[in-house]
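The file protein_12.csv comes next; it holds CSV, C-alpha atoms.
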chain,number,residue,atom,x,y,z
A,1,MET,CA,-16.7,25.8,59.0
A,2,TYR,CA,-19.6,25.3,56.5
A,3,ALA,CA,-22.3,23.2,58.0
A,4,ILE,CA,-25.6,21.8,56.7
A,5,VAL,CA,-28.3,20.8,59.3
A,6,VAL,CA,-31.0,18.6,57.9
A,7,GLY,CA,-34.3,18.8,59.8
A,8,CYS,CA,-35.4,21.8,61.8
A,9,GLY,CA,-37.2,20.1,64.7
A,10,ARG,CA,-36.2,20.9,68.3
A,11,ALA,CA,-32.9,19.1,68.1
A,12,GLY,CA,-32.1,20.4,64.6
A,13,ALA,CA,-32.9,24.0,65.5
A,14,ASP,CA,-30.8,23.7,68.6
A,15,VAL,CA,-27.8,22.4,66.7
A,16,ALA,CA,-28.2,25.1,64.0
A,17,ASN,CA,-28.5,27.8,66.6
A,18,ARG,CA,-25.4,26.7,68.4
A,19,LEU,CA,-23.4,26.4,65.2
A,20,SER,CA,-24.5,29.9,64.1
A,21,ALA,CA,-23.7,31.3,67.5
A,22,GLY,CA,-20.2,29.8,67.1
A,23,ASN,CA,-19.7,31.8,64.0
A,24,HIS,CA,-20.0,28.9,61.5
A,25,ALA,CA,-21.8,29.2,58.2
A,26,VAL,CA,-25.0,27.2,58.5
A,27,VAL,CA,-27.7,26.1,56.1
A,28,VAL,CA,-30.8,24.5,57.6
A,29,ILE,CA,-33.0,22.2,55.4
A,30,ASP,CA,-36.6,21.2,56.3
A,31,ASN,CA,-39.6,20.2,54.2
A,32,ASP,CA,-41.9,22.3,56.3
A,33,ARG,CA,-41.3,26.0,56.2
A,34,THR,CA,-43.0,26.6,59.5
A,35,SER,CA,-40.3,24.7,61.4
A,36,PHE,CA,-37.8,27.5,60.8
A,37,SER,CA,-39.7,29.5,63.5
A,38,ARG,CA,-37.7,27.3,66.0
A,39,LEU,CA,-34.5,29.1,65.0
A,40,ALA,CA,-33.2,31.8,67.3
A,41,LEU,CA,-33.9,35.5,66.5
A,42,ASP,CA,-30.1,36.0,66.1
A,43,PHE,CA,-29.7,32.9,63.8
A,44,ASP,CA,-27.4,34.1,61.1
A,45,GLY,CA,-27.5,31.2,58.6
A,46,THR,CA,-29.8,30.4,55.7
A,47,THR,CA,-32.9,28.2,55.4
A,48,LEU,CA,-34.0,26.0,52.6
A,49,VAL,CA,-37.3,24.1,52.0
A,50,GLY,CA,-36.6,20.6,50.7
A,51,HIS,CA,-36.3,17.0,51.4
A,52,ALA,CA,-33.3,15.3,53.1
A,53,ILE,CA,-32.5,12.7,50.5
A,54,ASP,CA,-33.0,14.9,47.4
A,55,VAL,CA,-29.6,15.4,45.9
A,56,ASP,CA,-30.7,18.6,44.1
A,57,CYS,CA,-31.7,20.0,47.4
A,58,LEU,CA,-28.4,19.1,49.0
A,59,LEU,CA,-26.6,20.7,46.0
A,60,SER,CA,-28.6,23.9,46.5
A,61,ALA,CA,-27.5,23.8,50.1
A,62,GLY,CA,-23.9,23.8,49.0
A,63,ILE,CA,-23.0,20.3,49.9
A,64,GLU,CA,-20.1,20.3,47.6
A,65,ARG,CA,-18.2,22.7,49.9
A,66,ALA,CA,-19.7,21.6,53.2
A,67,ASP,CA,-17.4,20.4,56.0
A,68,LEU,CA,-20.2,19.0,58.1
A,69,LEU,CA,-23.6,17.6,57.7
A,70,ILE,CA,-25.9,16.8,60.7
A,71,ALA,CA,-29.1,15.0,59.9
A,72,THR,CA,-31.7,15.4,62.6
A,73,THR,CA,-35.1,14.7,61.0
A,74,TYR,CA,-37.7,12.6,62.7
A,75,GLY,CA,-37.0,9.8,60.2
A,76,ASP,CA,-34.0,7.6,61.0
A,77,ASN,CA,-34.0,6.4,57.4
A,78,SER,CA,-33.9,9.8,55.9
A,79,ASN,CA,-31.1,10.8,58.3
A,80,LEU,CA,-29.0,7.6,57.5
A,81,THR,CA,-29.5,8.1,53.7
A,82,ALA,CA,-28.7,11.8,53.8
A,83,VAL,CA,-25.5,11.1,55.7
A,84,GLN,CA,-24.4,8.4,53.4
A,85,ILE,CA,-25.0,10.6,50.3
A,86,ALA,CA,-22.9,13.3,52.0
A,87,ARG,CA,-20.0,11.0,52.7
A,88,LYS,CA,-20.0,8.8,49.6
A,89,GLN,CA,-21.1,11.1,46.9
A,90,PHE,CA,-19.8,14.4,48.0
A,91,GLY,CA,-16.9,13.4,50.4
A,92,VAL,CA,-18.1,15.7,53.2
A,93,ASP,CA,-15.6,15.4,56.0
A,94,ARG,CA,-18.0,14.6,58.8
A,95,ALA,CA,-21.6,13.6,58.6
A,96,ILE,CA,-23.6,12.5,61.6
A,97,ALA,CA,-27.1,11.0,61.7
A,98,ARG,CA,-29.5,11.1,64.6
A,99,VAL,CA,-31.0,7.6,64.9
A,100,LYS,CA,-33.7,6.7,67.4
A,101,ASP,CA,-33.7,2.9,66.8
A,102,PRO,CA,-30.7,1.5,68.7
A,103,VAL,CA,-30.4,-1.6,66.5
A,104,ARG,CA,-30.2,0.6,63.4
A,105,ALA,CA,-27.7,2.9,65.1
A,106,ARG,CA,-25.4,-0.1,65.9
A,107,LEU,CA,-25.7,-1.7,62.4
A,108,PHE,CA,-24.9,1.5,60.6
A,109,GLY,CA,-22.1,2.3,63.1
A,110,ASP,CA,-20.6,-1.0,62.1
A,111,LEU,CA,-20.8,0.0,58.5
A,112,GLY,CA,-18.8,3.2,59.3
A,113,VAL,CA,-21.7,5.6,59.4
A,114,GLU,CA,-21.4,8.1,62.3
A,115,THR,CA,-24.7,7.9,64.3
A,116,LEU,CA,-26.0,9.4,67.5
A,117,SER,CA,-28.8,7.3,69.1
A,118,SER,CA,-31.0,9.7,71.1
A,119,THR,CA,-32.8,6.7,72.7
A,120,THR,CA,-29.6,5.2,74.0
A,121,LEU,CA,-28.3,8.5,75.2
A,122,VAL,CA,-31.5,9.2,77.2
A,123,GLY,CA,-31.4,5.7,78.6
A,124,GLN,CA,-27.8,6.1,79.8
A,125,ALA,CA,-28.6,9.6,81.2
A,126,PHE,CA,-31.5,8.2,83.3
A,127,ASP,CA,-29.3,5.3,84.5
A,128,HIS,CA,-26.6,7.8,85.5
A,129,LEU,CA,-29.1,10.0,87.4
A,130,LEU,CA,-30.6,7.0,89.2
A,131,ASP,CA,-27.2,5.7,90.1
A,132,GLN,CA,-26.3,9.1,91.6
A,133,THR,CA,-29.6,9.2,93.5
A,134,HIS,CA,-29.1,5.7,94.9
A,135,THR,CA,-25.5,6.1,96.0
A,136,SER,CA,-25.6,9.6,97.4
A,137,SER,CA,-28.8,11.3,98.5
A,138,THR,CA,-32.0,9.4,99.2
A,139,PRO,CA,-31.7,5.8,100.4
A,140,VAL,CA,-33.5,3.3,98.3
A,141,PRO,CA,-36.6,2.0,100.0
A,142,GLN,CA,-36.2,-1.6,100.9
A,143,THR,CA,-39.1,-4.0,100.3
A,144,GLU,CA,-39.7,-6.8,102.7
A,145,ASP,CA,-39.8,-10.3,101.2
B,1,MET,CA,-37.6,-19.9,49.7
B,2,TYR,CA,-38.2,-17.8,52.8
B,3,ILE,CA,-39.1,-14.2,51.7
B,4,ILE,CA,-39.6,-11.1,53.8
B,5,ILE,CA,-41.7,-8.4,52.2
B,6,ALA,CA,-41.3,-4.9,53.7
B,7,GLY,CA,-44.4,-2.8,53.1
B,8,GLY,CA,-48.0,-4.0,52.8
B,9,GLY,CA,-49.3,-1.6,50.2
B,10,LYS,CA,-50.8,-2.7,46.9
B,11,VAL,CA,-47.5,-4.0,45.6
B,12,GLY,CA,-46.4,-5.8,48.7
B,13,THR,CA,-49.8,-7.4,49.1
B,14,GLN,CA,-50.0,-8.7,45.5
B,15,LEU,CA,-46.5,-10.0,45.8
B,16,ALA,CA,-47.3,-11.8,49.0
B,17,ARG,CA,-50.4,-13.5,47.3
B,18,ASP,CA,-48.4,-14.6,44.3
B,19,LEU,CA,-45.4,-15.9,46.3
B,20,ILE,CA,-47.6,-17.8,48.7
B,21,ILE,CA,-49.5,-19.4,45.7
B,22,ASP,CA,-46.0,-20.3,44.3
B,23,GLY,CA,-45.3,-22.2,47.5
B,24,HIS,CA,-42.9,-19.8,49.2
B,25,GLU,CA,-42.9,-19.0,52.9
B,26,VAL,CA,-43.6,-15.3,53.3
B,27,THR,CA,-43.6,-12.8,56.1
B,28,ILE,CA,-45.0,-9.3,55.3
B,29,LEU,CA,-44.2,-6.3,57.6
B,30,GLU,CA,-46.6,-3.4,57.6
B,31,ALA,CA,-46.3,-0.6,60.1
B,32,ASN,CA,-49.9,0.7,59.8
B,33,PRO,CA,-52.0,-1.3,62.3
B,34,ALA,CA,-55.3,-1.0,60.3
B,35,LYS,CA,-53.6,-2.1,57.1
B,36,ALA,CA,-51.8,-4.9,58.9
B,37,SER,CA,-54.9,-6.3,60.4
B,38,SER,CA,-56.9,-6.3,57.2
B,39,LEU,CA,-53.9,-8.0,55.5
B,40,GLU,CA,-54.0,-10.6,58.2
B,41,ASP,CA,-57.7,-11.2,57.6
B,42,GLU,CA,-56.9,-12.0,54.0
B,43,LEU,CA,-53.5,-13.7,54.1
B,44,GLY,CA,-53.5,-15.3,57.6
B,45,ALA,CA,-50.6,-15.4,60.1
B,46,VAL,CA,-47.9,-14.1,57.8
B,47,VAL,CA,-48.3,-10.5,58.8
B,48,LEU,CA,-46.2,-8.6,61.3
B,49,GLY,CA,-47.8,-5.3,62.2
B,50,HIS,CA,-44.5,-3.4,62.6
B,51,ASP,CA,-42.1,-1.0,60.9
B,52,ALA,CA,-39.7,-3.1,58.8
B,53,SER,CA,-36.9,-0.6,59.1
B,54,GLU,CA,-36.8,-1.0,62.9
B,55,GLY,CA,-34.1,-3.6,63.4
B,56,ARG,CA,-35.8,-5.6,66.1
B,57,TRP,CA,-38.7,-6.4,63.9
B,58,LEU,CA,-36.6,-7.6,61.0
B,59,ILE,CA,-34.9,-9.9,63.5
B,60,GLU,CA,-38.2,-11.0,64.8
B,61,ALA,CA,-39.4,-11.7,61.3
B,62,GLY,CA,-36.5,-14.2,61.0
B,63,ILE,CA,-34.2,-12.3,58.7
B,64,ALA,CA,-31.3,-14.5,59.9
B,65,ARG,CA,-32.8,-17.3,57.8
B,66,ALA,CA,-34.3,-15.3,54.9
B,67,ASP,CA,-33.3,-16.0,51.3
B,68,LEU,CA,-34.8,-12.8,50.0
B,69,VAL,CA,-35.9,-9.4,51.3
B,70,ILE,CA,-38.2,-7.3,49.1
B,71,ALA,CA,-38.5,-3.6,50.1
B,72,VAL,CA,-41.6,-2.1,48.5
B,73,THR,CA,-42.7,0.6,50.9
B,74,GLY,CA,-43.8,4.0,49.4
B,75,HIS,CA,-40.7,5.7,50.7
B,76,ASP,CA,-37.3,5.4,49.0
B,77,GLU,CA,-35.3,6.1,52.1
B,78,ASP,CA,-37.1,3.3,53.9
B,79,ASN,CA,-36.4,0.9,51.1
B,80,ILE,CA,-32.8,1.9,51.0
B,81,ILE,CA,-32.2,1.4,54.7
B,82,ILE,CA,-34.1,-1.9,54.9
B,83,CYS,CA,-32.0,-3.4,52.1
B,84,GLN,CA,-28.8,-2.1,53.7
B,85,MET,CA,-29.8,-3.6,57.1
B,86,ALA,CA,-30.7,-6.9,55.5
B,87,GLU,CA,-27.1,-7.5,54.6
B,88,PRO,CA,-25.5,-7.6,58.1
B,89,LEU,CA,-28.6,-9.0,59.8
B,90,SER,CA,-28.7,-12.0,57.5
B,91,GLU,CA,-24.9,-12.3,57.4
B,92,GLY,CA,-24.9,-11.5,53.7
B,93,LYS,CA,-27.2,-14.5,52.9
B,94,ALA,CA,-30.4,-12.7,51.9
B,95,ARG,CA,-30.6,-11.1,48.5
B,96,THR,CA,-32.5,-7.8,48.3
B,97,ILE,CA,-34.8,-6.2,45.8
B,98,ALA,CA,-35.9,-2.6,46.2
B,99,ARG,CA,-38.7,-0.6,44.7
B,100,ILE,CA,-37.9,2.9,43.6
B,101,ASN,CA,-40.7,5.4,44.1
B,102,ASN,CA,-39.0,8.5,42.7
B,103,PRO,CA,-36.8,7.8,39.6
B,104,LYS,CA,-34.7,10.7,40.7
B,105,ASN,CA,-33.3,8.6,43.5
B,106,SER,CA,-32.1,5.7,41.4
B,107,ASP,CA,-28.4,6.9,41.5
B,108,THR,CA,-28.7,7.1,45.3
B,109,PHE,CA,-29.8,3.4,45.5
B,110,ARG,CA,-26.8,2.4,43.4
B,111,LEU,CA,-24.4,4.6,45.3
B,112,LEU,CA,-25.5,2.8,48.5
B,113,GLY,CA,-25.0,-0.6,46.9
B,114,ILE,CA,-28.5,-1.6,46.1
B,115,GLU,CA,-28.4,-3.0,42.5
B,116,ALA,CA,-31.6,-5.0,42.2
B,117,LEU,CA,-34.1,-2.2,41.6
B,118,VAL,CA,-37.7,-2.1,40.4
B,119,ASP,CA,-38.6,1.3,39.0
B,120,ALA,CA,-42.4,1.5,38.3
B,121,THR,CA,-41.9,4.4,36.0
B,122,ASP,CA,-39.3,2.5,34.0
B,123,LEU,CA,-41.6,-0.5,33.7
B,124,VAL,CA,-44.5,1.6,32.5
B,125,MET,CA,-42.2,3.4,30.0
B,126,SER,CA,-41.0,0.1,28.7
B,127,MET,CA,-44.5,-1.2,28.3
B,128,ILE,CA,-45.5,2.0,26.5
B,129,GLU,CA,-42.4,1.6,24.3
B,130,ARG,CA,-43.4,-2.0,23.6
B,131,ASP,CA,-47.0,-1.1,22.6
B,132,VAL,CA,-46.1,1.9,20.5
B,133,SER,CA,-42.9,0.5,19.1
B,134,THR,CA,-42.8,1.3,15.4
B,135,ASP,CA,-39.4,0.0,14.5
B,136,SER,CA,-39.8,-3.6,15.8
B,137,VAL,CA,-37.1,-3.1,18.4
B,138,VAL,CA,-38.1,-3.7,22.0
B,139,HIS,CA,-35.9,-3.4,25.1
B,140,LEU,CA,-37.0,-6.3,27.3
B,141,MET,CA,-34.7,-5.6,30.1
B,142,ARG,CA,-31.8,-3.4,30.9
B,143,LEU,CA,-28.8,-5.2,32.4
B,144,GLN,CA,-27.2,-1.8,33.0
B,145,SER,CA,-24.4,-2.6,35.3
B,146,ALA,CA,-23.0,-5.1,32.8
B,147,GLY,CA,-23.6,-2.8,29.9
B,148,LEU,CA,-25.9,-5.3,28.2
B,149,GLU,CA,-29.3,-5.2,26.8
B,150,LEU,CA,-31.9,-7.8,26.1
B,151,ILE,CA,-33.6,-6.9,22.9
B,152,GLU,CA,-36.4,-8.3,20.8
B,153,MET,CA,-36.3,-7.5,17.0
B,154,THR,CA,-38.2,-8.8,14.0
B,155,VAL,CA,-36.1,-9.7,11.0
B,156,GLY,CA,-37.0,-7.3,8.2
B,157,HIS,CA,-37.4,-8.3,4.5
B,158,ARG,CA,-34.1,-7.9,2.5
B,159,SER,CA,-32.2,-7.0,5.7
B,160,SER,CA,-28.7,-8.3,6.2
B,161,ALA,CA,-30.2,-10.8,8.7
B,162,ASP,CA,-32.7,-12.2,6.2
B,163,GLY,CA,-31.3,-15.5,5.1
B,164,ALA,CA,-28.1,-15.2,7.1
B,165,THR,CA,-26.8,-17.3,10.0
B,166,PRO,CA,-25.8,-15.7,13.3
B,167,ASP,CA,-22.1,-16.4,12.2
B,168,ASP,CA,-22.6,-14.6,9.0
B,169,LEU,CA,-23.7,-11.6,11.0
B,170,GLY,CA,-20.6,-11.8,13.2
B,171,LEU,CA,-22.6,-11.8,16.4
B,172,SER,CA,-20.3,-13.9,18.5
B,173,GLU,CA,-17.3,-11.7,17.6
B,174,ARG,CA,-19.2,-8.8,19.1
B,175,GLY,CA,-20.2,-10.7,22.2
B,176,ALA,CA,-23.9,-10.7,21.1
B,177,ARG,CA,-26.0,-13.9,21.4
B,178,ILE,CA,-29.4,-14.9,20.1
B,179,CYS,CA,-31.3,-16.5,22.9
B,180,VAL,CA,-34.4,-17.7,21.1
B,181,VAL,CA,-36.0,-17.3,17.6
B,182,LEU,CA,-39.8,-17.3,17.3
B,183,ARG,CA,-41.0,-18.4,13.9
B,184,ASP,CA,-44.8,-18.6,13.4
B,185,HIS,CA,-45.1,-18.3,17.1
B,186,LYS,CA,-43.0,-21.4,17.7
B,187,PRO,CA,-39.7,-21.1,19.6
B,188,LEU,CA,-36.6,-22.5,17.8
B,189,LEU,CA,-33.3,-23.1,19.4
B,190,PRO,CA,-30.8,-20.7,17.7
B,191,LEU,CA,-28.0,-22.7,16.1
B,192,ALA,CA,-25.0,-20.8,14.9
B,193,THR,CA,-25.5,-22.4,11.4
B,194,ALA,CA,-29.3,-22.0,11.1
B,195,ARG,CA,-30.6,-19.3,8.8
B,196,LEU,CA,-32.8,-16.6,10.0
B,197,GLN,CA,-35.7,-15.5,7.7
B,198,ALA,CA,-37.8,-12.4,7.4
B,199,GLY,CA,-40.6,-12.3,10.0
B,200,ASP,CA,-38.6,-14.2,12.6
B,201,SER,CA,-38.8,-12.6,16.0
B,202,VAL,CA,-35.4,-12.7,17.6
B,203,ILE,CA,-34.5,-12.2,21.3
B,204,LEU,CA,-30.9,-11.4,21.8
B,205,VAL,CA,-28.5,-10.2,24.4
B,206,ALA,CA,-26.0,-7.6,23.2
B,207,GLN,CA,-23.7,-4.9,24.4
B,208,THR,CA,-25.5,-1.6,24.7
B,209,GLU,CA,-23.1,0.1,22.2
B,210,ASP,CA,-23.8,-2.4,19.5
B,211,GLU,CA,-27.5,-1.8,19.4
B,212,VAL,CA,-27.5,0.7,16.6
B,213,GLU,CA,-25.5,-1.6,14.3
B,214,LEU,CA,-27.7,-4.6,15.2
B,215,ARG,CA,-30.8,-2.6,14.4
B,216,ARG,CA,-29.4,-1.8,11.0
B,217,GLN,CA,-28.5,-5.5,10.3
B,218,PHE,CA,-31.8,-6.9,11.5
B,219,LEU,CA,-34.4,-4.3,10.4
B,220,GLY,CA,-32.8,-3.6,7.0
B,221,PRO,CA,-33.7,-0.9,4.6
Could you render the structure from this file as structure tokens?
Amino acid sequence: MYAIVVGCGRAGADVANRLSAGNHAVVVIDNDRTSFSRLALDFDGTTLVGHAIDVDCLLSAGIERADLLIATTYGDNSNLTAVQIARKQFGVDRAIARVKDPVRARLFGDLGVETLSSTTLVGQAFDHLLDQTHTSSTPVPQTED
Amino acid sequence: MYIIIAGGGKVGTQLARDLIIDGHEVTILEANPAKASSLEDELGAVVLGHDASEGRWLIEAGIARADLVIAVTGHDEDNIIICQMAEPLSEGKARTIARINNPKNSDTFRLLGIEALVDATDLVMSMIERDVSTDSVVHLMRLQSAGLELIEMTVGHRSSADGATPDDLGLSERGARICVVLRDHKPLLPLATARLQAGDSVILVAQTEDEVELRRQFLGP
């Protein structure tokens, strides 16, 4: 599979490392060259300095033959725009945007844009943890009325 | 009208001032707290100090009853996403206008369904063209999606248009229409049978592909 990862922050670097370790061809884009230091020593893909919504930059990254684009920059709007360009202009099979704002994630989900809301995921994970704690191990301290 | 302005920079602020003077109800969203509070000092309680692309603040700003959303932040991706969110959040009732910061992104705006665009570069270019225009042809507005242009031309001496009626020039057959004629700085209603004369300033709507032919007819030798 040929994958483009936009944004090389902690999440982006992690996704890129995993894809590369899984023997996929990976191009990582970030507008700050120093972020590429987050990539693993055995990262086998390529890096490109550029902006997420710049069509020329996406073309240099080989978007015309990409099977997957994952947008993980810190900007929800950049991610949503990059993913829509990938799907609508270049017909990339699958494009997923990381979106922190849950309202935006839901709205664009309804518009058929694939999103992953890190905020909602973390909230759910905490909920799950607390549920487990409450039901199994420590008893919940009761407060007197 | 109820108008939401996203972005309280120079453009957004000036728009807000003008729209308030014109009697519109305005809310302006500006994420930078310092900017937002100085805006509030000037404009009063029409400022929300939050990021317009965060869904909950658009909802808080009353997007459900907005007639118009104007996205004029300094970032194209923000303007795109704000306009796209305005559609479902207002159940399709709010119209949107977006500012383009980087002309390179104009195709992306259109690809994502945002048609009402204000491109500062384009405006400056058209003003320059207007000022330095040597051939008396001025593009007033590009109605690109319809393939139409709004053009201003001055009728030249001994041109085909000099002394001719719009019918003589076959304008209606080509789908072109004179909107107004300015003669000695006075506007005249263009009648199909009224004759144009040299020195008339004519504003017309025409198909883009007919422009060269029109230029030949109106400007003459």
Compare B:Glu42, B:Asp76, B:Glu213, B:Glu60 by their minimum atom-to-atom distance to chain A, counting only C-alpha atoms, and give me the closest one.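 So, comparing all the options, the nearest one is B:Asp76.
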Practice prompt. Can you work out which one of B:Gly49, B:Pro88, B:Gly199, B:Gly175 has the shortest atom-to-atom distance to chain A, counting all atoms listed in the file?
Written response: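 That would be B:Pro88, the residue with the smallest distance to chain A.
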Correct to one decimal, the distance atom CA of Leu111 of chain A-atom CA of Val6 of chain A is 21.2 Å
Considering only C-alpha atoms, extract the chain B residues located within 8 Å of chain A and return them as JSON, numbers by chain.
{"B": [53, 54, 55, 56, 77, 78, 80, 81, 85, 88, 105, 108, 111, 112]}
| message | Could you check which residues have any atom within 8 Å of (-20.8, 10.3, 58.8), counting only C-alpha atoms with coordinates taken straight from the file, and then list them as a ChimeraX atom specification? | response | /A:69,83-84,86-87,93-97,112-115
With only C-alpha atoms as the counted atoms, please give the residues lying no more than 8 Å from Thr208 of chain B, apart from itself and same-chain residues fewer than 2 positions off, as a PyMOL selection string.
chain B and resi 147-149+206+210-211
Can you pull segment 21-36 of chain A out of that block with N, CA and C atoms and hand it back as a CSV table (one decimal), in the first residue's frame?
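Result file follows (part_2.csv):
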chain,number,residue,atom,x,y,z
A,21,ALA,N,6.8,0.1,9.4
A,21,ALA,CA,7.2,-1.3,9.9
A,21,ALA,C,6.3,-2.4,9.3
A,22,GLY,N,5.1,-2.0,8.8
A,22,GLY,CA,4.3,-3.0,8.2
A,22,GLY,C,4.6,-3.1,6.7
A,23,ASN,N,5.7,-2.6,6.3
A,23,ASN,CA,6.2,-2.7,4.9
A,23,ASN,C,5.4,-2.0,3.9
A,24,HIS,N,4.7,-0.9,4.3
A,24,HIS,CA,4.0,-0.1,3.3
A,24,HIS,C,4.9,1.1,2.9
A,25,ALA,N,4.7,1.6,1.7
A,25,ALA,CA,5.4,2.8,1.2
A,25,ALA,C,4.8,4.0,1.9
A,26,VAL,N,5.6,4.8,2.6
A,26,VAL,CA,5.1,5.9,3.3
A,26,VAL,C,5.8,7.2,2.9
A,27,VAL,N,5.0,8.3,2.7
A,27,VAL,CA,5.5,9.6,2.6
A,27,VAL,C,4.9,10.5,3.7
A,28,VAL,N,5.8,11.1,4.5
A,28,VAL,CA,5.3,12.0,5.6
A,28,VAL,C,5.5,13.4,5.2
A,29,ILE,N,4.5,14.2,5.4
A,29,ILE,CA,4.6,15.7,5.1
A,29,ILE,C,4.5,16.5,6.4
A,30,ASP,N,5.3,17.5,6.6
A,30,ASP,CA,5.2,18.4,7.7
A,30,ASP,C,5.8,19.7,7.3
A,31,ASN,N,5.3,20.8,7.8
A,31,ASN,CA,5.8,22.1,7.4
A,31,ASN,C,7.1,22.5,8.2
A,32,ASP,N,7.3,21.7,9.2
A,32,ASP,CA,8.5,21.9,10.1
A,32,ASP,C,9.5,20.7,10.0
A,33,ARG,N,10.6,21.0,9.4
A,33,ARG,CA,11.6,19.9,9.1
A,33,ARG,C,12.0,19.2,10.4
A,34,THR,N,12.0,19.9,11.5
A,34,THR,CA,12.5,19.3,12.8
A,34,THR,C,11.6,18.2,13.3
A,35,SER,N,10.3,18.3,12.9
A,35,SER,CA,9.4,17.2,13.4
A,35,SER,C,9.7,15.8,12.9
A,36,PHE,N,10.5,15.8,11.8
A,36,PHE,CA,10.8,14.4,11.3
A,36,PHE,C,11.7,13.6,12.3
